[in-house]
Amino acid sequence: MLTKIFYVFLLSIPALSFAQSDSVLYTRDYPFNEGVYITYSDFRMNRPISKYVIESKEDKEQLDFIGKTIQNSEYIFFKFGGYIHKVKTDSIWGFSQNNTVFINYDKKMFRIPVFGNISQFVASVEVINNYAGGNSPFYYNYGVTATNMPTKGREIRQFVLDFYTGKTYDYTLENITEILKRDEKLYAEFMKLSKSKRKKNMGIYLRTYNNTHPVYFPK
């Protein structure tokens, strides 16, 4: 019962806002606290469940301790308030390890290599494969069964994460255009390009957007 109450309490905490005087500008040297983010709010506040209170059969001295614990356990067990609590692994928001953030997408963890106001990451998603001939390099599993029925496979796709809302979007021209509307000058410049050039230069414009719209974490 205590575990349930504690978990509900965590989920009820909003993504807090704070003044810049109480925050620090994110740079590549920013130290992410190592541990498990149960909620998006935990990530925003750089407030994970520390690796030192996590109960696991994995070797805590290993650099990939958190990743292995998540990969090999159905639940995350941790000590809090004198009790052992548990949270289902595939329900957590993500984790930080070796100063790298990993996000839970489709119940699997993926590294966020491009971090900023609008972060970019690559994830594999489950798809139904109706392709009856040949092989596709985008699938881990492909083809059809002997009965010619569609099979499930995984496809690599790009996504973006909105730092200030926690929402994820497909990395498409339509979605990136909507994001750039938040910066009137940058959006106007972007829209002067042909559609093919806009699609080709989405990454460049997102980097420019991130440079002019930095993110802040609490001190």
# chains A, B, ... in the order shown; residues from 1 in each chain; ligands from 1

$ closest_atom_pairs --of "stretch 93-209 of chain A" --to "stretch 52-65 of chain A" --cutoff "12 Å" --atoms "only C-alpha atoms" --output "tab-separated table"
residue	atom	partner	partner_atom	distance
A:Phe95	CA	A:Phe65	CA	11.2
A:Ser96	CA	A:Asp64	CA	10.3
A:Gln97	CA	A:Asp64	CA	7.1
A:Asn98	CA	A:Leu63	CA	7.0
A:Asn99	CA	A:Leu63	CA	10.8
A:Thr100	CA	A:Asp64	CA	11.1

$ write_last_selection --atoms "N, CA and C atoms" --output "PDB file, in the first residue's frame"
ATOM      1  N   PHE A  95      16.194   7.170 -17.726  1.00  0.00           N
ATOM      2  CA  PHE A  95      17.261   7.131 -16.723  1.00  0.00           C
ATOM      3  C   PHE A  95      18.476   7.896 -17.230  1.00  0.00           C
ATOM      4  N   SER A  96      19.378   8.200 -16.301  1.00  0.00           N
ATOM      5  CA  SER A  96      20.628   8.865 -16.625  1.00  0.00           C
ATOM      6  C   SER A  96      21.781   7.969 -16.209  1.00  0.00           C
ATOM      7  N   GLN A  97      22.744   7.812 -17.105  1.00  0.00           N
ATOM      8  CA  GLN A  97      23.890   6.952 -16.838  1.00  0.00           C
ATOM      9  C   GLN A  97      25.100   7.500 -17.568  1.00  0.00           C
ATOM     10  N   ASN A  98      26.214   7.678 -16.841  1.00  0.00           N
ATOM     11  CA  ASN A  98      27.444   8.210 -17.436  1.00  0.00           C
ATOM     12  C   ASN A  98      27.188   9.549 -18.132  1.00  0.00           C
ATOM     13  N   ASN A  99      26.368  10.365 -17.492  1.00  0.00           N
ATOM     14  CA  ASN A  99      26.007  11.707 -17.966  1.00  0.00           C
ATOM     15  C   ASN A  99      25.312  11.694 -19.339  1.00  0.00           C
ATOM     16  N   THR A 100      24.601  10.602 -19.602  1.00  0.00           N
ATOM     17  CA  THR A 100      23.799  10.470 -20.811  1.00  0.00           C
ATOM     18  C   THR A 100      22.372  10.135 -20.412  1.00  0.00           C
TER      19      THR A 100
END

$ select_by_dssp --residues "stretch 8-215 of chain A" --states "strand (DSSP E)" --output "PyMOL selection string"
chain A and resi 23-25+35-37+49-50+54-55+75-80+83-88+94-97+100-105+108-111+118-129+151-162+168-170

$ closest_residue --among "A:Glu174, A:Asp42, A:Asp22, A:Asp90" --to "A:Tyr105" --atoms "only C-alpha atoms"
A:Asp90

$ residues_around --residues "A:Asn117" --least-positions-apart "3" --cutoff "9 Å" --atoms "only C-alpha atoms" --output "list of chain:residue names"
A:Leu161, A:Asp162, A:Phe163, A:Tyr164, A:Tyr209, A:Asn210, A:Asn211, A:His213, A:Pro214, A:Val215

$ write_last_selection --atoms "N, CA and C atoms" --output "PDB file, in the first residue's frame"
ATOM      1  N   LEU A 161      12.003  15.349 -28.823  1.00  0.00           N
ATOM      2  CA  LEU A 161      11.437  15.521 -27.485  1.00  0.00           C
ATOM      3  C   LEU A 161      11.398  16.997 -27.147  1.00  0.00           C
ATOM      4  N   ASP A 162      10.225  17.494 -26.795  1.00  0.00           N
ATOM      5  CA  ASP A 162      10.062  18.887 -26.358  1.00  0.00           C
ATOM      6  C   ASP A 162      10.416  18.956 -24.879  1.00  0.00           C
ATOM      7  N   PHE A 163      11.525  19.607 -24.555  1.00  0.00           N
ATOM      8  CA  PHE A 163      12.027  19.644 -23.189  1.00  0.00           C
ATOM      9  C   PHE A 163      11.020  20.229 -22.209  1.00  0.00           C
ATOM     10  N   TYR A 164      10.314  21.280 -22.600  1.00  0.00           N
ATOM     11  CA  TYR A 164       9.446  21.987 -21.670  1.00  0.00           C
ATOM     12  C   TYR A 164       8.035  21.422 -21.556  1.00  0.00           C
ATOM     13  N   TYR A 209      17.588  26.685 -33.499  1.00  0.00           N
ATOM     14  CA  TYR A 209      16.536  26.949 -32.518  1.00  0.00           C
ATOM     15  C   TYR A 209      17.043  26.658 -31.109  1.00  0.00           C
ATOM     16  N   ASN A 210      17.734  25.529 -30.930  1.00  0.00           N
ATOM     17  CA  ASN A 210      18.258  25.167 -29.615  1.00  0.00           C
ATOM     18  C   ASN A 210      19.293  26.166 -29.115  1.00  0.00           C
ATOM     19  N   ASN A 211      20.113  26.668 -30.034  1.00  0.00           N
ATOM     20  CA  ASN A 211      21.144  27.636 -29.638  1.00  0.00           C
ATOM     21  C   ASN A 211      20.545  28.951 -29.163  1.00  0.00           C
ATOM     22  N   HIS A 213      17.387  29.222 -27.995  1.00  0.00           N
ATOM     23  CA  HIS A 213      16.398  28.953 -26.949  1.00  0.00           C
ATOM     24  C   HIS A 213      16.945  27.880 -26.012  1.00  0.00           C
ATOM     25  N   PRO A 214      17.910  28.247 -25.172  1.00  0.00           N
ATOM     26  CA  PRO A 214      18.546  27.267 -24.291  1.00  0.00           C
ATOM     27  C   PRO A 214      17.596  26.759 -23.200  1.00  0.00           C
ATOM     28  N   VAL A 215      17.986  25.684 -22.564  1.00  0.00           N
ATOM     29  CA  VAL A 215      17.181  25.114 -21.480  1.00  0.00           C
ATOM     30  C   VAL A 215      17.891  25.315 -20.156  1.00  0.00           C
TER      31      VAL A 215
END

$ residues_around --residues "A:Ile38" --least-positions-apart "2" --cutoff "10 Å" --atoms "only C-alpha atoms" --output "list of chain:residue names"
A:Tyr7, A:Leu10, A:Leu11, A:Gly35, A:Val36, A:Tyr40, A:Ser41, A:Asp42, A:Phe43, A:Arg47, A:Pro48, A:Ile49, A:Ile76, A:Val87, A:Lys88, A:Thr89, A:Ser91, A:Ile92, A:Trp93, A:Gly94, A:Phe95

$ select_by_dssp --residues "stretch 75-199 of chain A" --states "alpha helix (DSSP H)" --output "PyMOL selection string"
chain A and resi 173-180+184-191+195-199

$ write_last_selection --atoms "C-alpha atoms" --output "mmCIF file, in the first residue's frame"
data_model
loop_
_atom_site.group_PDB
_atom_site.id
_atom_site.type_symbol
_atom_site.label_atom_id
_atom_site.label_comp_id
_atom_site.auth_asym_id
_atom_site.auth_seq_id
_atom_site.Cartn_x
_atom_site.Cartn_y
_atom_site.Cartn_z
ATOM 1 C CA LEU A 173 8.596 18.300 -41.812
ATOM 2 C CA GLU A 174 5.109 19.078 -40.550
ATOM 3 C CA ASN A 175 6.065 18.716 -36.883
ATOM 4 C CA ILE A 176 9.362 20.574 -37.183
ATOM 5 C CA THR A 177 7.594 23.421 -38.979
ATOM 6 C CA GLU A 178 5.112 23.725 -36.105
ATOM 7 C CA ILE A 179 7.963 23.858 -33.588
ATOM 8 C CA LEU A 180 9.822 26.563 -35.523
ATOM 9 C CA GLU A 184 8.996 34.141 -35.701
ATOM 10 C CA LYS A 185 12.279 35.158 -37.350
ATOM 11 C CA LEU A 186 13.607 31.615 -37.719
ATOM 12 C CA TYR A 187 10.266 30.349 -39.002
ATOM 13 C CA ALA A 188 10.096 33.080 -41.674
ATOM 14 C CA GLU A 189 13.602 32.209 -42.847
ATOM 15 C CA PHE A 190 12.737 28.503 -42.914
ATOM 16 C CA MET A 191 9.583 29.039 -44.955
ATOM 17 C CA LYS A 195 9.895 22.218 -49.518
ATOM 18 C CA SER A 196 12.737 19.893 -50.481
ATOM 19 C CA LYS A 197 15.328 22.207 -48.895
ATOM 20 C CA ARG A 198 13.206 22.590 -45.747
ATOM 21 C CA LYS A 199 13.094 18.822 -45.394
#

$ closest_residue --among "A:Arg154, A:Lys108, A:Lys51, A:Lys167" --to "A:Tyr37" --atoms "only C-alpha atoms"
A:Lys51

$ residues_around --residues "stretch 110-113 of chain A" --least-positions-apart "3" --cutoff "8 Å" --atoms "only C-alpha atoms" --output "list of chain:residue names"
A:Thr100, A:Val101, A:Phe102, A:Ile103, A:Asn104, A:Tyr105, A:Ser119, A:Gln120, A:Phe121, A:Val122, A:Ala123

$ decode --residues "stretch 29-62 of chain A" --atoms "N, CA and C atoms" --output "PDB file, in the first residue's frame"
ATOM      1  N   ASP A  29      28.598  20.248 -20.426  1.00  0.00           N
ATOM      2  CA  ASP A  29      29.259  19.847 -19.185  1.00  0.00           C
ATOM      3  C   ASP A  29      28.284  19.716 -18.020  1.00  0.00           C
ATOM      4  N   TYR A  30      27.007  19.961 -18.277  1.00  0.00           N
ATOM      5  CA  TYR A  30      26.032  19.889 -17.190  1.00  0.00           C
ATOM      6  C   TYR A  30      26.008  18.480 -16.597  1.00  0.00           C
ATOM      7  N   PRO A  31      26.121  18.357 -15.257  1.00  0.00           N
ATOM      8  CA  PRO A  31      26.165  17.034 -14.615  1.00  0.00           C
ATOM      9  C   PRO A  31      24.768  16.482 -14.313  1.00  0.00           C
ATOM     10  N   PHE A  32      24.323  15.522 -15.099  1.00  0.00           N
ATOM     11  CA  PHE A  32      23.062  14.846 -14.793  1.00  0.00           C
ATOM     12  C   PHE A  32      23.278  13.899 -13.610  1.00  0.00           C
ATOM     13  N   ASN A  33      22.394  14.006 -12.621  1.00  0.00           N
ATOM     14  CA  ASN A  33      22.475  13.068 -11.509  1.00  0.00           C
ATOM     15  C   ASN A  33      22.140  11.670 -12.008  1.00  0.00           C
ATOM     16  N   GLU A  34      22.941  10.703 -11.632  1.00  0.00           N
ATOM     17  CA  GLU A  34      22.769   9.352 -12.147  1.00  0.00           C
ATOM     18  C   GLU A  34      21.666   8.614 -11.407  1.00  0.00           C
ATOM     19  N   GLY A  35      20.766   8.009 -12.163  1.00  0.00           N
ATOM     20  CA  GLY A  35      19.682   7.265 -11.541  1.00  0.00           C
ATOM     21  C   GLY A  35      18.500   7.097 -12.473  1.00  0.00           C
ATOM     22  N   VAL A  36      17.367   6.712 -11.908  1.00  0.00           N
ATOM     23  CA  VAL A  36      16.159   6.402 -12.678  1.00  0.00           C
ATOM     24  C   VAL A  36      15.147   7.530 -12.550  1.00  0.00           C
ATOM     25  N   TYR A  37      14.653   8.026 -13.687  1.00  0.00           N
ATOM     26  CA  TYR A  37      13.583   9.016 -13.692  1.00  0.00           C
ATOM     27  C   TYR A  37      12.248   8.274 -13.750  1.00  0.00           C
ATOM     28  N   ILE A  38      11.519   8.278 -12.666  1.00  0.00           N
ATOM     29  CA  ILE A  38      10.222   7.613 -12.676  1.00  0.00           C
ATOM     30  C   ILE A  38       9.223   8.423 -13.499  1.00  0.00           C
ATOM     31  N   THR A  39       9.294   9.732 -13.398  1.00  0.00           N
ATOM     32  CA  THR A  39       8.380  10.596 -14.132  1.00  0.00           C
ATOM     33  C   THR A  39       9.153  11.642 -14.941  1.00  0.00           C
ATOM     34  N   TYR A  40       8.458  12.283 -15.858  1.00  0.00           N
ATOM     35  CA  TYR A  40       9.042  13.378 -16.626  1.00  0.00           C
ATOM     36  C   TYR A  40       9.470  14.509 -15.700  1.00  0.00           C
ATOM     37  N   SER A  41       8.695  14.759 -14.648  1.00  0.00           N
ATOM     38  CA  SER A  41       9.040  15.805 -13.699  1.00  0.00           C
ATOM     39  C   SER A  41      10.382  15.520 -13.033  1.00  0.00           C
ATOM     40  N   ASP A  42      10.661  14.263 -12.747  1.00  0.00           N
ATOM     41  CA  ASP A  42      11.956  13.901 -12.160  1.00  0.00           C
ATOM     42  C   ASP A  42      13.092  14.300 -13.099  1.00  0.00           C
ATOM     43  N   PHE A  43      12.892  14.064 -14.381  1.00  0.00           N
ATOM     44  CA  PHE A  43      13.895  14.439 -15.377  1.00  0.00           C
ATOM     45  C   PHE A  43      14.071  15.948 -15.426  1.00  0.00           C
ATOM     46  N   ARG A  44      12.970  16.681 -15.480  1.00  0.00           N
ATOM     47  CA  ARG A  44      13.033  18.147 -15.584  1.00  0.00           C
ATOM     48  C   ARG A  44      13.751  18.773 -14.397  1.00  0.00           C
ATOM     49  N   MET A  45      13.598  18.145 -13.235  1.00  0.00           N
ATOM     50  CA  MET A  45      14.214  18.682 -12.024  1.00  0.00           C
ATOM     51  C   MET A  45      15.576  18.045 -11.741  1.00  0.00           C
ATOM     52  N   ASN A  46      16.048  17.188 -12.665  1.00  0.00           N
ATOM     53  CA  ASN A  46      17.300  16.455 -12.461  1.00  0.00           C
ATOM     54  C   ASN A  46      17.272  15.749 -11.106  1.00  0.00           C
ATOM     55  N   ARG A  47      16.187  14.999 -10.876  1.00  0.00           N
ATOM     56  CA  ARG A  47      15.917  14.413  -9.565  1.00  0.00           C
ATOM     57  C   ARG A  47      15.575  12.921  -9.719  1.00  0.00           C
ATOM     58  N   PRO A  48      16.534  12.116 -10.171  1.00  0.00           N
ATOM     59  CA  PRO A  48      16.246  10.694 -10.339  1.00  0.00           C
ATOM     60  C   PRO A  48      16.322   9.924  -9.025  1.00  0.00           C
ATOM     61  N   ILE A  49      15.808   8.696  -9.044  1.00  0.00           N
ATOM     62  CA  ILE A  49      16.042   7.775  -7.950  1.00  0.00           C
ATOM     63  C   ILE A  49      17.500   7.358  -8.053  1.00  0.00           C
ATOM     64  N   SER A  50      18.304   7.667  -7.056  1.00  0.00           N
ATOM     65  CA  SER A  50      19.741   7.437  -7.117  1.00  0.00           C
ATOM     66  C   SER A  50      20.069   5.958  -7.258  1.00  0.00           C
ATOM     67  N   LYS A  51      21.118   5.660  -8.017  1.00  0.00           N
ATOM     68  CA  LYS A  51      21.575   4.285  -8.181  1.00  0.00           C
ATOM     69  C   LYS A  51      21.948   3.648  -6.842  1.00  0.00           C
ATOM     70  N   TYR A  52      22.284   4.502  -5.860  1.00  0.00           N
ATOM     71  CA  TYR A  52      22.749   3.975  -4.577  1.00  0.00           C
ATOM     72  C   TYR A  52      21.622   3.449  -3.702  1.00  0.00           C
ATOM     73  N   VAL A  53      20.376   3.766  -4.040  1.00  0.00           N
ATOM     74  CA  VAL A  53      19.265   3.227  -3.247  1.00  0.00           C
ATOM     75  C   VAL A  53      18.499   2.156  -4.037  1.00  0.00           C
ATOM     76  N   ILE A  54      18.978   1.851  -5.247  1.00  0.00           N
ATOM     77  CA  ILE A  54      18.337   0.828  -6.061  1.00  0.00           C
ATOM     78  C   ILE A  54      18.829  -0.555  -5.638  1.00  0.00           C
ATOM     79  N   GLU A  55      17.900  -1.466  -5.446  1.00  0.00           N
ATOM     80  CA  GLU A  55      18.220  -2.844  -5.092  1.00  0.00           C
ATOM     81  C   GLU A  55      18.268  -3.672  -6.381  1.00  0.00           C
ATOM     82  N   SER A  56      19.404  -4.329  -6.624  1.00  0.00           N
ATOM     83  CA  SER A  56      19.548  -5.080  -7.856  1.00  0.00           C
ATOM     84  C   SER A  56      20.610  -6.157  -7.700  1.00  0.00           C
ATOM     85  N   LYS A  57      20.486  -7.209  -8.482  1.00  0.00           N
ATOM     86  CA  LYS A  57      21.488  -8.280  -8.502  1.00  0.00           C
ATOM     87  C   LYS A  57      22.699  -7.882  -9.336  1.00  0.00           C
ATOM     88  N   GLU A  58      22.562  -6.802 -10.105  1.00  0.00           N
ATOM     89  CA  GLU A  58      23.670  -6.352 -10.945  1.00  0.00           C
ATOM     90  C   GLU A  58      24.755  -5.690 -10.095  1.00  0.00           C
ATOM     91  N   ASP A  59      25.964  -5.660 -10.620  1.00  0.00           N
ATOM     92  CA  ASP A  59      27.104  -5.071  -9.919  1.00  0.00           C
ATOM     93  C   ASP A  59      27.004  -3.552  -9.959  1.00  0.00           C
ATOM     94  N   LYS A  60      26.823  -2.939  -8.804  1.00  0.00           N
ATOM     95  CA  LYS A  60      26.617  -1.487  -8.730  1.00  0.00           C
ATOM     96  C   LYS A  60      27.865  -0.702  -9.121  1.00  0.00           C
ATOM     97  N   GLU A  61      29.020  -1.350  -9.148  1.00  0.00           N
ATOM     98  CA  GLU A  61      30.255  -0.664  -9.508  1.00  0.00           C
ATOM     99  C   GLU A  61      30.456  -0.589 -11.023  1.00  0.00           C
ATOM    100  N   GLN A  62      29.665  -1.336 -11.772  1.00  0.00           N
ATOM    101  CA  GLN A  62      29.783  -1.312 -13.227  1.00  0.00           C
ATOM    102  C   GLN A  62      29.198  -0.022 -13.797  1.00  0.00           C
TER     103      GLN A  62
END
